[in-house]
Amino acid sequence: MKASDALARFLTAHRVRTCFELVGGMITHMLDSFAESGQFDIVSMHHEQAAAFAAEGVARHSKGKTVALAMGTSGPGATNLLTGIGSCWFDSVPCLFITGQVNTHELRGELAIRQQGFQELDIVELARSLTKYAARVDSPEDLLSQLHKALSLALSGRQGPVLLDIPNNVQRVDIPDALVGNWLNVPLDIDAGTEASSDELERLQALCLEAQRPLLCIGGGARWADAMAPWLAAADALDIPYVSTLMGHERVVAGKNYFNMIGSYGNREANWAVQNCDLLIVVGARLDVRQTGADTGDFARNAAIVQIDIDPAQLNNRVRADLNICASADSFFRAFPLQLGTFPALDKCWPAELAAQREKAQINEYADWTISPSEVVKQLNRVLAGRPVDYVCDVGNHQMWAAQSLRLSPGQAVHYSGGMGAMGFALPAALGIALQSRHKAVVITGDGSLQINIQELDTLKRMDLDLTIIVMNNSVLGMVKNFQDMYFDGRNQSTQKGYSSPSFTDIARAYGIEALRAENAEETERALNLIPERNGPLLIEIIMDGATECRPRLAFGSKLDKQFPPLDA
């Protein structure tokens with residue numbers, strides 16, 4: 001059997017049936033085999049970075065249970081995948097990346113030259129620090145064993161991306177049918193990760209018995225745990241307050257005891273809760289500077305801290321916890337159910353205090369603007385409430401506006417580019433998500449972010465997915481401009497000076513996509529009200545000139561509960 005045909009059979013046997021690619025000479029054998037098998041959704045993108053983000057979207061929608069493939073040819077096709085590979089690495093998303101390579105006899109090997117074959121490039125070495133496994137397959141007999149290893153690692157423990165680089169001549173030679181048959185019948189070797197010990201759970205229970213003002217914090221490492229939703233439902237029933245990080249917020253339904261997102265751009269009530277609790281239980285959050293602020297010594301200043309993480313290297317990293325537990329989030333939720341006696345000393349006034357803080361913070365922070373971004377997001381909450389929808393956000397002020405105000409219903413999710421923080425993420429990731437979900441996706445983006453992968457509007461039109469793009473166009477790179485206002489006396493090199501943006505309404509229409517333009521609050525409301533009834537591609541451009549602030553925000557060095565502007569201002 002031809003090696004590329006064996007590759008197709010192995011992938012379909014393990015439910016890898018979606019491939020995003022930009023065609024090139026060194027991947028044509030594999031693409032031909034995928035197409036001839038009739039078992040693949042093959043989506044041709046216009047840039048390999050977008051292909052990588054789209055594959056990430058498939059895994060995100062399935063909560064890491066379904067792996068998609070992104071492919072690029074040798075040389076520039078391979079390097080263009082790297083940003084998407086990094087995005088999967090930092091946000092713990094399992095994806096398979098395959099690059100084509102020149103024939104093995106054209107590789108430079110140990111020669112002291114830069115390149116032997118045309119577009120030859122050692123992508124394995126470049127990708128090694130951003131993958132759980134990266135290898136070049138130099139022998140056709142090793143192809144399926146390497147695939148088995150790569151997929152097993154991608155789905156094990158703290159999930160992440162893997163990459164195989166396959167030379168052209170390896171793709172086109174024959175592999176013995178018996179060898180193929182053997183590997184098709186070997187299940188993947190998936191390690192679910194560690195579990196908490198009985199001693200650790202007893203120590204946690206002892207802390208809970210004394211806590212009067214407990215607080216739970218859901219991080220990105222917990223967002224895909226199947227046991228998370230019932231665990232938080234129990235927290236609601238027992239009046240146990242909980243908050244999330246940006247990445248944790250992706251899957252947390254807005255229950256009555258959810259006090260929203262912590263951090264530098266977090267909700268006021270969430271940061272207040274962290275600073276006034278006496279026990280903070282953190283599940284799957286790495287407690288980076290955007291979550292804690294710069295002053296880690298003051299983080300959760302009155303609390304004993306418990307950190308649960310699947311990655312032992314993340315424990316006792318920036319924040320020293322009173323109890324560290326190395327365990328997967330799902331196993332922890334199952335091993336430590338929330339019950340009536342979990343917090344016997346719970347102060348009955350604690351949830352009410354937090355509810356009062358949440359109510360106090362429900363002001364329109366942008367009442368002085370023509371269009372308030374928080375009101376835009378709140379309207380999305382209203383018009384899409386109760387409907388299955390995936391929100392996908394790019395990176396910039398619009399990401400934080402969304403994170404501060406989105407309130408998810410059951411069956412909804414939001415997706416952020418977290419650790420990589422990649423502008424250009426949202427549109428291609430949403431293509432993968434919508435292809436996988438078959439229901440509505442809503443992209444929330446800015447003018448700067450959308451321009452990075454704007455060519456995928458053509459892919460959207462071709463796929464005809466139920467996807468709405470909301471462009472908050474302030475004609476400026478607003479988040480960085482805000483930094484310039486704070487630290488550089490408003491000098492605006494490359495955020496306004498030397499920067500421009502087009503009419504996205506006109507561009508969408510040129511691609512054959514329905515587009516609307518809104519320049520005030522009334523027009524914005526009318527446009528957003530149309531989203532539920534539209535079943536295909538739609539772009540809404542909201543003109544927000546001068547909108548360069550996110551409120552509230554934390555200035556560097558400030559205490560977590562001392563955000564700017566002060567609430568009384």
# chains A, B, ... in the order shown; residues from 1 in each chain; ligands from 1
>>> residues_around(residues="Leu477 of chain A", least_positions_apart="4", cutoff="12 Å", atoms="only C-alpha atoms", output="ChimeraX atom specification")
/A:395-398,423,445-451,472-473,481-484,492-501,545-549
>>> select_by_dssp(residues="segment 376-415 of chain A", states="helix (DSSP H, G or I)", output="list of chain:residue names")
A:Val376, A:Val377, A:Lys378, A:Gln379, A:Leu380, A:Asn381, A:Arg382, A:Val383, A:Asn397, A:His398, A:Gln399, A:Met400, A:Trp401, A:Ala402, A:Ala403, A:Gln404, A:Ser405
>>> write_last_selection(atoms="C-alpha atoms", output="mmCIF file, in the first residue's frame")
data_model
loop_
_atom_site.group_PDB
_atom_site.id
_atom_site.type_symbol
_atom_site.label_atom_id
_atom_site.label_comp_id
_atom_site.auth_asym_id
_atom_site.auth_seq_id
_atom_site.Cartn_x
_atom_site.Cartn_y
_atom_site.Cartn_z
ATOM 1 C CA VAL A 376 -22.737 45.782 22.529
ATOM 2 C CA VAL A 377 -21.647 42.567 24.252
ATOM 3 C CA LYS A 378 -24.588 42.645 26.664
ATOM 4 C CA GLN A 379 -26.934 42.880 23.697
ATOM 5 C CA LEU A 380 -25.280 39.785 22.229
ATOM 6 C CA ASN A 381 -26.048 38.050 25.533
ATOM 7 C CA ARG A 382 -29.695 38.991 25.117
ATOM 8 C CA VAL A 383 -30.259 38.207 21.442
ATOM 9 C CA ASN A 397 -9.329 45.695 23.549
ATOM 10 C CA HIS A 398 -12.288 43.962 21.914
ATOM 11 C CA GLN A 399 -11.167 40.655 23.483
ATOM 12 C CA MET A 400 -11.259 42.176 26.949
ATOM 13 C CA TRP A 401 -14.541 44.013 26.300
ATOM 14 C CA ALA A 402 -16.034 40.646 25.386
ATOM 15 C CA ALA A 403 -14.488 38.773 28.306
ATOM 16 C CA GLN A 404 -15.739 41.315 30.821
ATOM 17 C CA SER A 405 -19.340 41.226 29.610
#
>>> closest_atom_pairs(of="segment 244-359 of chain A", to="segment 174-198 of chain A", cutoff="10 Å", atoms="only C-alpha atoms", output="CSV")
residue,atom,partner,partner_atom,distance
A:Ile308,CA,A:Ala196,CA,8.8
A:Asp309,CA,A:Thr194,CA,9.5
A:Ile310,CA,A:Gly193,CA,6.8
A:Asp311,CA,A:Gly193,CA,9.0
A:Pro312,CA,A:Thr194,CA,9.8
A:Asn324,CA,A:Ala196,CA,9.8
A:Ile325,CA,A:Ala196,CA,6.2
A:Cys326,CA,A:Ala196,CA,6.5
A:Ala327,CA,A:Glu195,CA,4.4
A:Ser328,CA,A:Gly193,CA,5.9
A:Ala329,CA,A:Glu195,CA,8.8
A:Asp330,CA,A:Glu195,CA,9.2
A:Ser331,CA,A:Glu195,CA,6.0
A:Phe332,CA,A:Ala196,CA,6.5
A:Ala335,CA,A:Ala196,CA,7.7
A:Phe336,CA,A:Ala196,CA,9.3
>>> write_last_selection(atoms="N, CA and C atoms", output="PDB file, in the first residue's frame")
ATOM      1  N   ILE A 308      -4.385  23.447  42.026  1.00  0.00           N
ATOM      2  CA  ILE A 308      -4.481  22.123  41.413  1.00  0.00           C
ATOM      3  C   ILE A 308      -4.113  22.266  39.943  1.00  0.00           C
ATOM      4  N   ASP A 309      -3.128  21.500  39.471  1.00  0.00           N
ATOM      5  CA  ASP A 309      -2.715  21.596  38.071  1.00  0.00           C
ATOM      6  C   ASP A 309      -2.155  20.258  37.613  1.00  0.00           C
ATOM      7  N   ILE A 310      -2.404  19.925  36.363  1.00  0.00           N
ATOM      8  CA  ILE A 310      -1.902  18.675  35.794  1.00  0.00           C
ATOM      9  C   ILE A 310      -0.407  18.725  35.531  1.00  0.00           C
ATOM     10  N   ASP A 311       0.135  19.931  35.398  1.00  0.00           N
ATOM     11  CA  ASP A 311       1.548  20.136  35.075  1.00  0.00           C
ATOM     12  C   ASP A 311       2.310  20.473  36.355  1.00  0.00           C
ATOM     13  N   PRO A 312       3.153  19.583  36.846  1.00  0.00           N
ATOM     14  CA  PRO A 312       3.849  19.857  38.112  1.00  0.00           C
ATOM     15  C   PRO A 312       4.736  21.096  38.052  1.00  0.00           C
ATOM     16  N   ASN A 324      -0.348  22.326  47.206  1.00  0.00           N
ATOM     17  CA  ASN A 324      -0.259  22.059  45.773  1.00  0.00           C
ATOM     18  C   ASN A 324      -0.692  20.627  45.504  1.00  0.00           C
ATOM     19  N   ILE A 325      -1.542  20.446  44.497  1.00  0.00           N
ATOM     20  CA  ILE A 325      -2.013  19.123  44.123  1.00  0.00           C
ATOM     21  C   ILE A 325      -1.794  18.945  42.625  1.00  0.00           C
ATOM     22  N   CYS A 326      -0.992  17.965  42.258  1.00  0.00           N
ATOM     23  CA  CYS A 326      -0.750  17.678  40.846  1.00  0.00           C
ATOM     24  C   CYS A 326      -1.785  16.642  40.395  1.00  0.00           C
ATOM     25  N   ALA A 327      -2.773  17.112  39.640  1.00  0.00           N
ATOM     26  CA  ALA A 327      -3.857  16.235  39.187  1.00  0.00           C
ATOM     27  C   ALA A 327      -4.554  16.879  38.010  1.00  0.00           C
ATOM     28  N   SER A 328      -5.164  16.060  37.172  1.00  0.00           N
ATOM     29  CA  SER A 328      -6.001  16.613  36.112  1.00  0.00           C
ATOM     30  C   SER A 328      -7.248  17.219  36.738  1.00  0.00           C
ATOM     31  N   ALA A 329      -7.776  18.240  36.097  1.00  0.00           N
ATOM     32  CA  ALA A 329      -8.959  18.915  36.630  1.00  0.00           C
ATOM     33  C   ALA A 329     -10.140  17.960  36.727  1.00  0.00           C
ATOM     34  N   ASP A 330     -10.325  17.136  35.701  1.00  0.00           N
ATOM     35  CA  ASP A 330     -11.477  16.240  35.696  1.00  0.00           C
ATOM     36  C   ASP A 330     -11.401  15.243  36.848  1.00  0.00           C
ATOM     37  N   SER A 331     -10.210  14.687  37.073  1.00  0.00           N
ATOM     38  CA  SER A 331     -10.084  13.734  38.172  1.00  0.00           C
ATOM     39  C   SER A 331     -10.274  14.423  39.519  1.00  0.00           C
ATOM     40  N   PHE A 332      -9.820  15.679  39.627  1.00  0.00           N
ATOM     41  CA  PHE A 332     -10.003  16.407  40.883  1.00  0.00           C
ATOM     42  C   PHE A 332     -11.475  16.664  41.154  1.00  0.00           C
ATOM     43  N   ALA A 335     -12.994  13.535  42.366  1.00  0.00           N
ATOM     44  CA  ALA A 335     -12.499  13.050  43.660  1.00  0.00           C
ATOM     45  C   ALA A 335     -12.901  13.956  44.817  1.00  0.00           C
ATOM     46  N   PHE A 336     -13.250  15.214  44.504  1.00  0.00           N
ATOM     47  CA  PHE A 336     -13.567  16.171  45.564  1.00  0.00           C
ATOM     48  C   PHE A 336     -14.916  16.832  45.265  1.00  0.00           C
TER      49      PHE A 336
END
>>> closest_residue(among="A:Glu353, A:Asp322, A:Glu125, A:Glu456", to="Thr79 of chain A", atoms="only C-alpha atoms")
A:Glu125
>>> residues_around(residues="Glu514 of chain A", least_positions_apart="2", cutoff="10 Å", atoms="only C-alpha atoms", output="PDB file with N, CA and C atoms, in the first residue's frame")
ATOM      1  N   LYS A 461     -16.914  32.319   2.580  1.00  0.00           N
ATOM      2  CA  LYS A 461     -17.943  32.361   1.527  1.00  0.00           C
ATOM      3  C   LYS A 461     -18.056  30.996   0.842  1.00  0.00           C
ATOM      4  N   THR A 468     -21.092  34.818  11.927  1.00  0.00           N
ATOM      5  CA  THR A 468     -21.204  36.276  11.938  1.00  0.00           C
ATOM      6  C   THR A 468     -19.907  36.879  12.443  1.00  0.00           C
ATOM      7  N   THR A 505     -16.934  46.659   5.419  1.00  0.00           N
ATOM      8  CA  THR A 505     -18.218  46.422   4.772  1.00  0.00           C
ATOM      9  C   THR A 505     -18.023  46.221   3.276  1.00  0.00           C
ATOM     10  N   ASP A 506     -17.253  47.110   2.659  1.00  0.00           N
ATOM     11  CA  ASP A 506     -17.000  46.993   1.222  1.00  0.00           C
ATOM     12  C   ASP A 506     -16.215  45.722   0.895  1.00  0.00           C
ATOM     13  N   ALA A 508     -16.110  42.851   2.591  1.00  0.00           N
ATOM     14  CA  ALA A 508     -16.970  41.671   2.737  1.00  0.00           C
ATOM     15  C   ALA A 508     -17.886  41.527   1.523  1.00  0.00           C
ATOM     16  N   ARG A 509     -18.450  42.634   1.084  1.00  0.00           N
ATOM     17  CA  ARG A 509     -19.340  42.568  -0.080  1.00  0.00           C
ATOM     18  C   ARG A 509     -18.573  42.138  -1.324  1.00  0.00           C
ATOM     19  N   ALA A 510     -17.324  42.558  -1.444  1.00  0.00           N
ATOM     20  CA  ALA A 510     -16.511  42.124  -2.581  1.00  0.00           C
ATOM     21  C   ALA A 510     -16.304  40.616  -2.576  1.00  0.00           C
ATOM     22  N   TYR A 511     -16.278  40.012  -1.394  1.00  0.00           N
ATOM     23  CA  TYR A 511     -16.169  38.559  -1.294  1.00  0.00           C
ATOM     24  C   TYR A 511     -17.526  37.867  -1.432  1.00  0.00           C
ATOM     25  N   GLY A 512     -18.585  38.650  -1.586  1.00  0.00           N
ATOM     26  CA  GLY A 512     -19.915  38.079  -1.723  1.00  0.00           C
ATOM     27  C   GLY A 512     -20.596  37.793  -0.407  1.00  0.00           C
ATOM     28  N   LEU A 516     -23.152  44.805   6.949  1.00  0.00           N
ATOM     29  CA  LEU A 516     -23.859  45.966   7.476  1.00  0.00           C
ATOM     30  C   LEU A 516     -22.869  46.877   8.179  1.00  0.00           C
ATOM     31  N   ARG A 534     -30.135  35.152  10.786  1.00  0.00           N
ATOM     32  CA  ARG A 534     -29.256  34.900   9.651  1.00  0.00           C
ATOM     33  C   ARG A 534     -28.612  33.529   9.803  1.00  0.00           C
ATOM     34  N   GLY A 536     -26.233  32.255   7.472  1.00  0.00           N
ATOM     35  CA  GLY A 536     -25.030  32.152   6.654  1.00  0.00           C
ATOM     36  C   GLY A 536     -24.029  33.211   7.049  1.00  0.00           C
ATOM     37  N   PRO A 537     -23.049  33.459   6.210  1.00  0.00           N
ATOM     38  CA  PRO A 537     -22.025  34.463   6.520  1.00  0.00           C
ATOM     39  C   PRO A 537     -22.615  35.872   6.608  1.00  0.00           C
ATOM     40  N   LEU A 538     -22.197  36.603   7.620  1.00  0.00           N
ATOM     41  CA  LEU A 538     -22.641  37.984   7.827  1.00  0.00           C
ATOM     42  C   LEU A 538     -21.517  38.755   8.490  1.00  0.00           C
ATOM     43  N   LEU A 539     -21.267  39.970   8.040  1.00  0.00           N
ATOM     44  CA  LEU A 539     -20.287  40.847   8.690  1.00  0.00           C
ATOM     45  C   LEU A 539     -20.973  42.128   9.126  1.00  0.00           C
ATOM     46  N   ILE A 540     -20.751  42.509  10.372  1.00  0.00           N
ATOM     47  CA  ILE A 540     -21.268  43.764  10.928  1.00  0.00           C
ATOM     48  C   ILE A 540     -20.074  44.609  11.332  1.00  0.00           C
TER      49      ILE A 540
END
>>> closest_atom_pairs(of="segment 213-276 of chain A", to="segment 153-172 of chain A", cutoff="12 Å", atoms="only C-alpha atoms", output="CSV")
residue,atom,partner,partner_atom,distance
A:Gly220,CA,A:Arg158,CA,11.2
A:Gly221,CA,A:Arg158,CA,8.2
A:Ala222,CA,A:Arg158,CA,10.9
A:Trp224,CA,A:Gln159,CA,11.1
>>> closest_residue(among="A:Gly25, A:Asp5, A:Ala112, A:Tyr391", to="Leu143 of chain A", atoms="only C-alpha atoms")
A:Asp5
>>> closest_residue(among="A:Arg358, A:His46, A:Arg517, A:His415", to="Leu460 of chain A", atoms="only C-alpha atoms")
A:His46
>>> closest_residue(among="A:Ile513, A:Leu384, A:Arg553, A:Ile305", to="Asn529 of chain A", atoms="only C-alpha atoms")
A:Leu384
>>> atom_distance(atom1="atom CA of Ala8 of chain A", atom2="atom CA of Phe20 of chain A")
14.1 Å
>>> residues_around(residues="segment 83-89 of chain A", least_positions_apart="4", cutoff="7 Å", atoms="only C-alpha atoms", output="number ranges by chain")
A: 49, 52-53, 56, 93-94, 130-131, 160-161, 417, 419-420
>>> closest_residue(among="A:Leu528, A:Ala430, A:Ala6, A:Val274", to="Leu560 of chain A", atoms="only C-alpha atoms")
A:Val274
>>> residues_around(residues="Asp41 of chain A", least_positions_apart="5", cutoff="8 Å", atoms="only C-alpha atoms", output="PDB file with C-alpha atoms, in the first residue's frame")
ATOM      1  CA  ARG A  17     -10.928  13.356   9.416  1.00  0.00           C
ATOM      2  CA  THR A  18     -10.616  17.110   8.938  1.00  0.00           C
ATOM      3  CA  CYS A  19      -7.637  18.585   7.126  1.00  0.00           C
TER       4      CYS A  19
END
